[in-house]
file run28.tsv (TSV, C-alpha atoms)
chain	number	residue	atom	x	y	z
A	1	MET	CA	-19.86	51.05	48.19
A	2	ALA	CA	-16.56	51.98	46.60
A	3	SER	CA	-13.73	49.50	46.10
A	4	VAL	CA	-11.32	48.91	48.96
A	5	SER	CA	-7.60	48.54	48.39
A	6	ILE	CA	-5.66	45.55	49.62
A	7	PRO	CA	-2.40	47.16	50.85
A	8	GLU	CA	0.55	46.59	48.52
A	9	ASN	CA	2.62	44.76	51.15
A	10	THR	CA	-0.15	42.15	51.68
A	11	THR	CA	0.91	38.55	51.06
A	12	ALA	CA	-2.12	36.72	52.48
A	13	LEU	CA	-5.85	37.09	53.07
A	14	LEU	CA	-7.49	35.50	56.11
A	15	LEU	CA	-11.23	34.86	55.74
A	16	ASP	CA	-13.98	34.27	58.27
A	17	ILE	CA	-16.77	31.95	57.04
A	18	GLU	CA	-20.16	32.71	58.60
A	19	GLY	CA	-21.45	36.04	57.28
A	20	THR	CA	-18.30	36.49	55.15
A	21	THR	CA	-17.97	33.65	52.61
A	22	THR	CA	-21.22	31.96	53.57
A	23	PRO	CA	-24.69	33.20	54.59
A	24	ILE	CA	-25.33	33.16	58.33
A	25	THR	CA	-28.60	31.44	57.45
A	26	PHE	CA	-26.69	28.39	56.16
A	27	VAL	CA	-25.25	27.74	59.60
A	28	LYS	CA	-28.37	28.69	61.53
A	29	ASP	CA	-31.03	27.20	59.26
A	30	ILE	CA	-29.26	24.15	57.82
A	31	LEU	CA	-26.13	23.02	59.70
A	32	PHE	CA	-27.28	23.47	63.30
A	33	PRO	CA	-30.82	22.11	62.77
A	34	TYR	CA	-29.27	19.07	61.08
A	35	ILE	CA	-27.38	18.29	64.29
A	36	LYS	CA	-30.48	18.70	66.44
A	37	ASP	CA	-32.67	16.60	64.16
A	38	HIS	CA	-30.20	13.72	63.65
A	39	LEU	CA	-28.11	13.64	66.84
A	40	GLU	CA	-29.82	10.74	68.58
A	41	GLU	CA	-30.01	8.71	65.36
A	42	TYR	CA	-26.30	9.35	64.67
A	43	LEU	CA	-25.16	8.38	68.18
A	44	SER	CA	-27.26	5.21	68.14
A	45	ALA	CA	-25.76	4.16	64.80
A	46	HIS	CA	-22.12	4.92	65.73
A	47	TRP	CA	-22.07	4.46	69.54
A	48	GLU	CA	-19.67	1.48	69.53
A	49	GLU	CA	-17.23	3.01	67.03
A	50	ASP	CA	-13.90	4.39	68.24
A	51	GLU	CA	-14.47	7.84	66.73
A	52	CYS	CA	-17.82	8.24	68.47
A	53	LYS	CA	-16.35	6.98	71.75
A	54	GLN	CA	-13.61	9.59	71.45
A	55	ASP	CA	-16.18	12.33	70.78
A	56	VAL	CA	-18.13	11.34	73.90
A	57	HIS	CA	-14.91	11.18	75.92
A	58	LEU	CA	-14.06	14.78	74.90
A	59	LEU	CA	-17.56	15.96	75.85
A	60	LYS	CA	-17.15	14.31	79.25
A	61	LYS	CA	-13.78	16.04	79.74
A	62	GLN	CA	-15.45	19.36	78.87
A	63	VAL	CA	-18.06	18.84	81.61
A	64	GLU	CA	-15.31	18.03	84.12
A	65	GLU	CA	-13.40	21.19	83.16
A	66	ASP	CA	-16.55	23.32	83.42
A	67	LEU	CA	-17.21	21.96	86.92
A	68	ARG	CA	-13.59	22.54	87.97
A	69	LEU	CA	-13.66	26.15	86.76
A	70	HIS	CA	-17.19	26.70	88.18
A	71	ARG	CA	-18.51	27.49	84.71
A	72	ALA	CA	-22.16	27.00	83.89
A	73	CYS	CA	-22.65	23.50	82.52
A	74	ALA	CA	-25.36	20.95	81.85
A	75	GLN	CA	-26.82	19.48	85.02
A	76	HIS	CA	-25.69	15.90	84.48
A	77	SER	CA	-22.47	14.05	83.93
A	78	LEU	CA	-21.56	12.11	80.83
A	79	ASP	CA	-20.59	8.48	81.15
A	80	GLN	CA	-20.24	6.19	78.18
A	81	SER	CA	-19.42	3.20	80.36
A	82	GLY	CA	-21.17	1.98	83.47
A	83	HIS	CA	-24.64	2.24	81.97
A	84	THR	CA	-26.55	-0.93	81.36
A	85	ASP	CA	-29.02	1.24	79.55
A	86	GLU	CA	-27.36	2.48	76.34
A	87	GLU	CA	-30.39	4.60	75.47
A	88	LYS	CA	-30.04	6.49	78.75
A	89	ALA	CA	-26.34	7.12	78.08
A	90	ILE	CA	-27.11	8.39	74.57
A	91	ARG	CA	-29.89	10.60	75.94
A	92	GLU	CA	-27.42	12.21	78.36
A	93	VAL	CA	-25.05	13.01	75.49
A	94	VAL	CA	-27.93	14.41	73.45
A	95	ASP	CA	-29.01	16.61	76.37
A	96	ASN	CA	-25.48	17.88	76.87
A	97	VAL	CA	-24.94	18.69	73.19
A	98	LEU	CA	-28.31	20.44	72.86
A	99	TRP	CA	-27.57	22.43	76.02
A	100	GLN	CA	-24.17	23.52	74.65
A	101	MET	CA	-25.76	24.55	71.34
A	102	ALA	CA	-28.55	26.48	73.08
A	103	SER	CA	-25.88	28.25	75.16
A	104	ASP	CA	-23.90	29.05	71.99
A	105	ARG	CA	-20.87	27.25	73.38
A	106	LYS	CA	-17.99	26.85	70.95
A	107	SER	CA	-16.15	24.07	72.77
A	108	THR	CA	-13.71	21.93	70.82
A	109	ALA	CA	-15.58	18.81	72.00
A	110	LEU	CA	-18.87	20.07	70.57
A	111	LYS	CA	-17.28	21.20	67.31
A	112	GLN	CA	-15.59	17.82	66.83
A	113	LEU	CA	-18.83	15.85	67.16
A	114	GLN	CA	-20.67	18.30	64.91
A	115	GLY	CA	-17.88	18.01	62.33
A	116	HIS	CA	-18.15	14.22	62.26
A	117	MET	CA	-21.93	14.40	61.83
A	118	TRP	CA	-21.65	16.96	59.03
A	119	ARG	CA	-18.99	14.84	57.30
A	120	ALA	CA	-21.45	11.96	57.06
A	121	ALA	CA	-24.20	14.31	55.83
A	122	TYR	CA	-22.04	15.98	53.15
A	123	ALA	CA	-20.71	12.63	51.93
A	124	ALA	CA	-24.26	11.30	51.64
A	125	GLY	CA	-25.33	14.40	49.67
A	126	ARG	CA	-27.76	15.53	52.38
A	127	ILE	CA	-25.99	18.91	52.68
A	128	LYS	CA	-24.08	21.17	50.26
A	129	GLY	CA	-21.91	24.04	51.52
A	130	GLU	CA	-23.23	27.48	50.57
A	131	VAL	CA	-20.87	30.23	49.41
A	132	TYR	CA	-21.75	33.67	48.09
A	133	GLN	CA	-21.47	33.99	44.31
A	134	ASP	CA	-18.67	36.56	44.49
A	135	VAL	CA	-16.41	34.39	46.69
A	136	VAL	CA	-14.88	31.81	44.34
A	137	PRO	CA	-14.15	34.16	41.38
A	138	SER	CA	-12.61	36.75	43.74
A	139	ILE	CA	-10.37	34.21	45.48
A	140	ARG	CA	-9.22	32.88	42.11
A	141	ARG	CA	-8.34	36.47	41.08
A	142	TRP	CA	-6.42	37.13	44.32
A	143	ARG	CA	-4.46	33.91	43.89
A	144	ARG	CA	-3.57	34.89	40.31
A	145	GLN	CA	-2.26	38.14	41.79
A	146	GLY	CA	0.06	36.14	44.05
A	147	LEU	CA	-1.88	36.26	47.32
A	148	LYS	CA	-2.29	33.28	49.62
A	149	VAL	CA	-5.74	32.66	51.12
A	150	TYR	CA	-6.51	31.13	54.52
A	151	ILE	CA	-9.66	30.44	56.54
A	152	TYR	CA	-10.17	31.20	60.25
A	153	SER	CA	-13.49	30.10	61.71
A	154	SER	CA	-14.91	29.02	65.05
A	155	GLY	CA	-16.12	25.89	63.22
A	156	SER	CA	-13.56	23.06	63.27
A	157	VAL	CA	-11.02	22.75	60.48
A	158	GLU	CA	-12.81	19.55	59.45
A	159	ALA	CA	-16.16	21.38	59.23
A	160	GLN	CA	-14.52	24.11	57.15
A	161	LYS	CA	-13.04	21.59	54.72
A	162	LEU	CA	-16.40	19.84	54.37
A	163	LEU	CA	-18.19	23.11	53.56
A	164	PHE	CA	-15.72	23.99	50.79
A	165	GLY	CA	-15.10	20.41	49.68
A	166	TYR	CA	-18.82	19.73	49.14
A	167	SER	CA	-19.91	23.25	48.17
A	168	VAL	CA	-22.57	24.42	45.73
A	169	GLU	CA	-19.57	25.36	43.52
A	170	GLY	CA	-18.12	21.85	43.80
A	171	ASP	CA	-14.84	21.03	45.56
A	172	VAL	CA	-13.02	24.37	45.95
A	173	LEU	CA	-10.54	23.35	48.67
A	174	ASP	CA	-7.66	24.02	46.29
A	175	LEU	CA	-8.36	27.75	46.71
A	176	PHE	CA	-7.05	27.73	50.29
A	177	ASP	CA	-3.51	27.55	51.63
A	178	GLY	CA	-4.55	26.60	55.15
A	179	HIS	CA	-7.25	26.52	57.80
A	180	PHE	CA	-7.41	27.70	61.42
A	181	ASP	CA	-10.03	27.11	64.10
A	182	THR	CA	-10.37	27.85	67.82
A	183	ASN	CA	-7.57	25.39	68.64
A	184	ILE	CA	-5.28	28.34	67.89
A	185	GLY	CA	-7.33	30.63	70.17
A	186	THR	CA	-10.66	32.43	70.18
A	187	LYS	CA	-11.48	34.90	67.44
A	188	VAL	CA	-11.87	37.89	69.79
A	189	GLU	CA	-8.33	37.62	71.25
A	190	SER	CA	-5.50	39.43	69.49
A	191	LYS	CA	-3.06	36.66	70.52
A	192	SER	CA	-4.89	34.28	68.17
A	193	TYR	CA	-4.04	36.47	65.19
A	194	VAL	CA	-0.40	36.78	66.28
A	195	ARG	CA	-0.23	32.95	66.41
A	196	ILE	CA	-1.85	32.66	62.98
A	197	ALA	CA	0.71	35.07	61.50
A	198	GLU	CA	3.49	32.97	63.06
A	199	ARG	CA	2.00	29.80	61.52
A	200	MET	CA	1.74	31.52	58.14
A	201	GLY	CA	5.36	32.63	58.45
A	202	CYS	CA	4.72	36.30	57.76
A	203	PRO	CA	4.26	39.43	59.89
A	204	PRO	CA	0.66	40.42	60.79
A	205	GLU	CA	1.09	43.64	58.76
A	206	GLU	CA	1.19	41.51	55.57
A	207	ILE	CA	-2.19	39.86	56.30
A	208	MET	CA	-5.66	41.25	55.61
A	209	PHE	CA	-8.53	39.76	57.63
A	210	LEU	CA	-12.12	39.77	56.35
A	211	THR	CA	-14.94	39.30	58.88
A	212	ASP	CA	-18.47	40.49	59.59
A	213	VAL	CA	-17.85	40.74	63.37
A	214	THR	CA	-16.25	43.96	64.61
A	215	ARG	CA	-14.95	42.37	67.85
A	216	GLU	CA	-12.95	39.98	65.68
A	217	ALA	CA	-11.86	42.86	63.43
A	218	LYS	CA	-10.59	44.78	66.47
A	219	ALA	CA	-8.65	41.76	67.78
A	220	ALA	CA	-6.99	41.28	64.37
A	221	GLU	CA	-6.27	45.01	64.12
A	222	ASP	CA	-4.73	45.01	67.62
A	223	ALA	CA	-2.44	42.19	66.43
A	224	GLY	CA	-1.28	44.39	63.55
A	225	MET	CA	-3.37	42.98	60.67
A	226	ASN	CA	-5.24	45.05	58.11
A	227	VAL	CA	-9.00	44.53	58.24
A	228	ALA	CA	-12.13	44.89	56.13
A	229	VAL	CA	-15.60	44.32	57.58
A	230	VAL	CA	-18.02	42.43	55.34
A	231	VAL	CA	-21.59	43.75	55.23
A	232	ARG	CA	-23.93	41.02	53.96
A	233	PRO	CA	-27.71	40.58	54.26
A	234	GLY	CA	-28.57	39.23	57.72
A	235	ASN	CA	-25.25	40.27	59.29
A	236	MET	CA	-25.13	42.28	62.51
A	237	GLU	CA	-25.96	45.96	62.08
A	238	LEU	CA	-22.91	48.20	62.53
A	239	THR	CA	-22.85	51.34	64.64
A	240	GLU	CA	-21.99	54.69	63.03
A	241	GLU	CA	-18.64	54.58	64.84
A	242	GLU	CA	-17.88	51.13	63.39
A	243	ARG	CA	-18.93	52.25	59.92
A	244	SER	CA	-16.58	55.21	60.04
A	245	HIS	CA	-13.67	53.26	61.55
A	246	TYR	CA	-13.52	50.17	59.31
A	247	ASN	CA	-13.17	49.60	55.59
A	248	LEU	CA	-16.53	48.12	54.56
A	249	ILE	CA	-17.30	45.80	51.64
A	250	THR	CA	-20.56	44.18	50.55
A	251	THR	CA	-18.87	41.83	48.07
A	252	PHE	CA	-15.37	40.38	47.67
A	253	SER	CA	-15.21	41.85	44.17
A	254	GLN	CA	-14.75	45.31	45.79
A	255	LEU	CA	-11.32	44.30	47.09
A	256	GLU	CA	-8.54	45.33	44.74
A	257	VAL	CA	-4.80	44.75	45.12
A	258	MET	CA	-3.14	48.18	45.03
A	259	GLY	CA	-1.52	48.85	41.70
A	260	SER	CA	-3.27	45.99	39.87
A	261	ALA	CA	-6.79	47.32	39.41

call {"tool": "encode", "arguments": {"input": "run28.tsv", "output": "structure tokens"}}
result
Amino acid sequence: MASVSIPENTTALLLDIEGTTTPITFVKDILFPYIKDHLEEYLSAHWEEDECKQDVHLLKKQVEEDLRLHRACAQHSLDQSGHTDEEKAIREVVDNVLWQMASDRKSTALKQLQGHMWRAAYAAGRIKGEVYQDVVPSIRRWRRQGLKVYIYSSGSVEAQKLLFGYSVEGDVLDLFDGHFDTNIGTKVESKSYVRIAERMGCPPEEIMFLTDVTREAKAAEDAGMNVAVVVRPGNMELTEEERSHYNLITTFSQLEVMGSA
């Protein structure tokens, strides 16, 4: 594929993670299985700690909201108090979390608990964040050219910082000017990108968003951002219409700031 120009008026790049900076397989084959394999052990070890209690409280609130809005939800309630049997209470949380993960829910409550579990795993050296080889050198080049770089992912800000703070390339958090997650809105709503531009303090037209998901690309485009769709091994196949509509890149090194190549 040919190089793609970053428009001259661009002041910031906004990057997705999964399928863009990081292989989808990292999330699916390493991060998510880690949660499933260690969830019960983690809850048992941290059950009486304030942070864990807060995580469980948020999960309980999520169930209540799902019931109120008649959304599908796990078939049991969550209650951290009132159980004489701690194991039963933990089992209920485990069942709820596994149900949410199987349903591909992206609730803030789920993401917060996952983030806390991953933090412990990264700190213990059990996990290292994967990034494609072209990512770090390209971001360094863009920053030298005066661009700011931000992350927007459905994973929590904490999970994002862990991935880049404990990456295979070492701690590369200094490459990023800020992080956004679904607290600002979902990635398929154009309003989310308008809010991000407001937080960045620049108009959407000065931001270029990189993602592998065309629904996200469309939402960003509708908000006024420039977009490039990242085509990596294992990413979703694009339709002919999508291929003709979007700028496509297979590596960050194809992105060139206009006038500086």

call {"tool": "closest_residue", "arguments": {"input": "run28.tsv", "among": "A:Glu41, A:Leu13, A:Leu110, A:Ser244", "to": "A:Gly178", "atoms": "only C-alpha atoms"}}
result
A:Leu13

call {"tool": "closest_residue", "arguments": {"input": "run28.tsv", "among": "A:Ala45, A:Lys148, A:Val94, A:Val168", "to": "A:Gly125", "atoms": "only C-alpha atoms"}}
result
A:Val168

call {"tool": "atom_distance", "arguments": {"input": "run28.tsv", "atom1": "atom CA of A:Ala12", "atom2": "atom CA of A:Ala109"}}
result
29.7 Å

call {"tool": "axis_aligned_box", "arguments": {"input": "run28.tsv", "around": "stretch 244-257 of chain A", "padding_each_side": "5 Å", "output": "AutoDock Vina command-line options"}}
result
--center_x -12.7 --center_y 47.8 --center_z 52.9 --size_x 25.8 --size_y 24.8 --size_z 27.4

call {"tool": "residues_around", "arguments": {"input": "run28.tsv", "residues": "A:Gly129", "least_positions_apart": "5", "cutoff": "12 Å", "atoms": "all atoms listed in the file", "output": "count of residues only"}}
result
31

call {"tool": "residues_around", "arguments": {"input": "run28.tsv", "residues": "A:Val4", "least_positions_apart": "6", "cutoff": "8 Å", "atoms": "all atoms listed in the file", "output": "PyMOL selection string"}}
result
chain A and resi 247-249+254-256
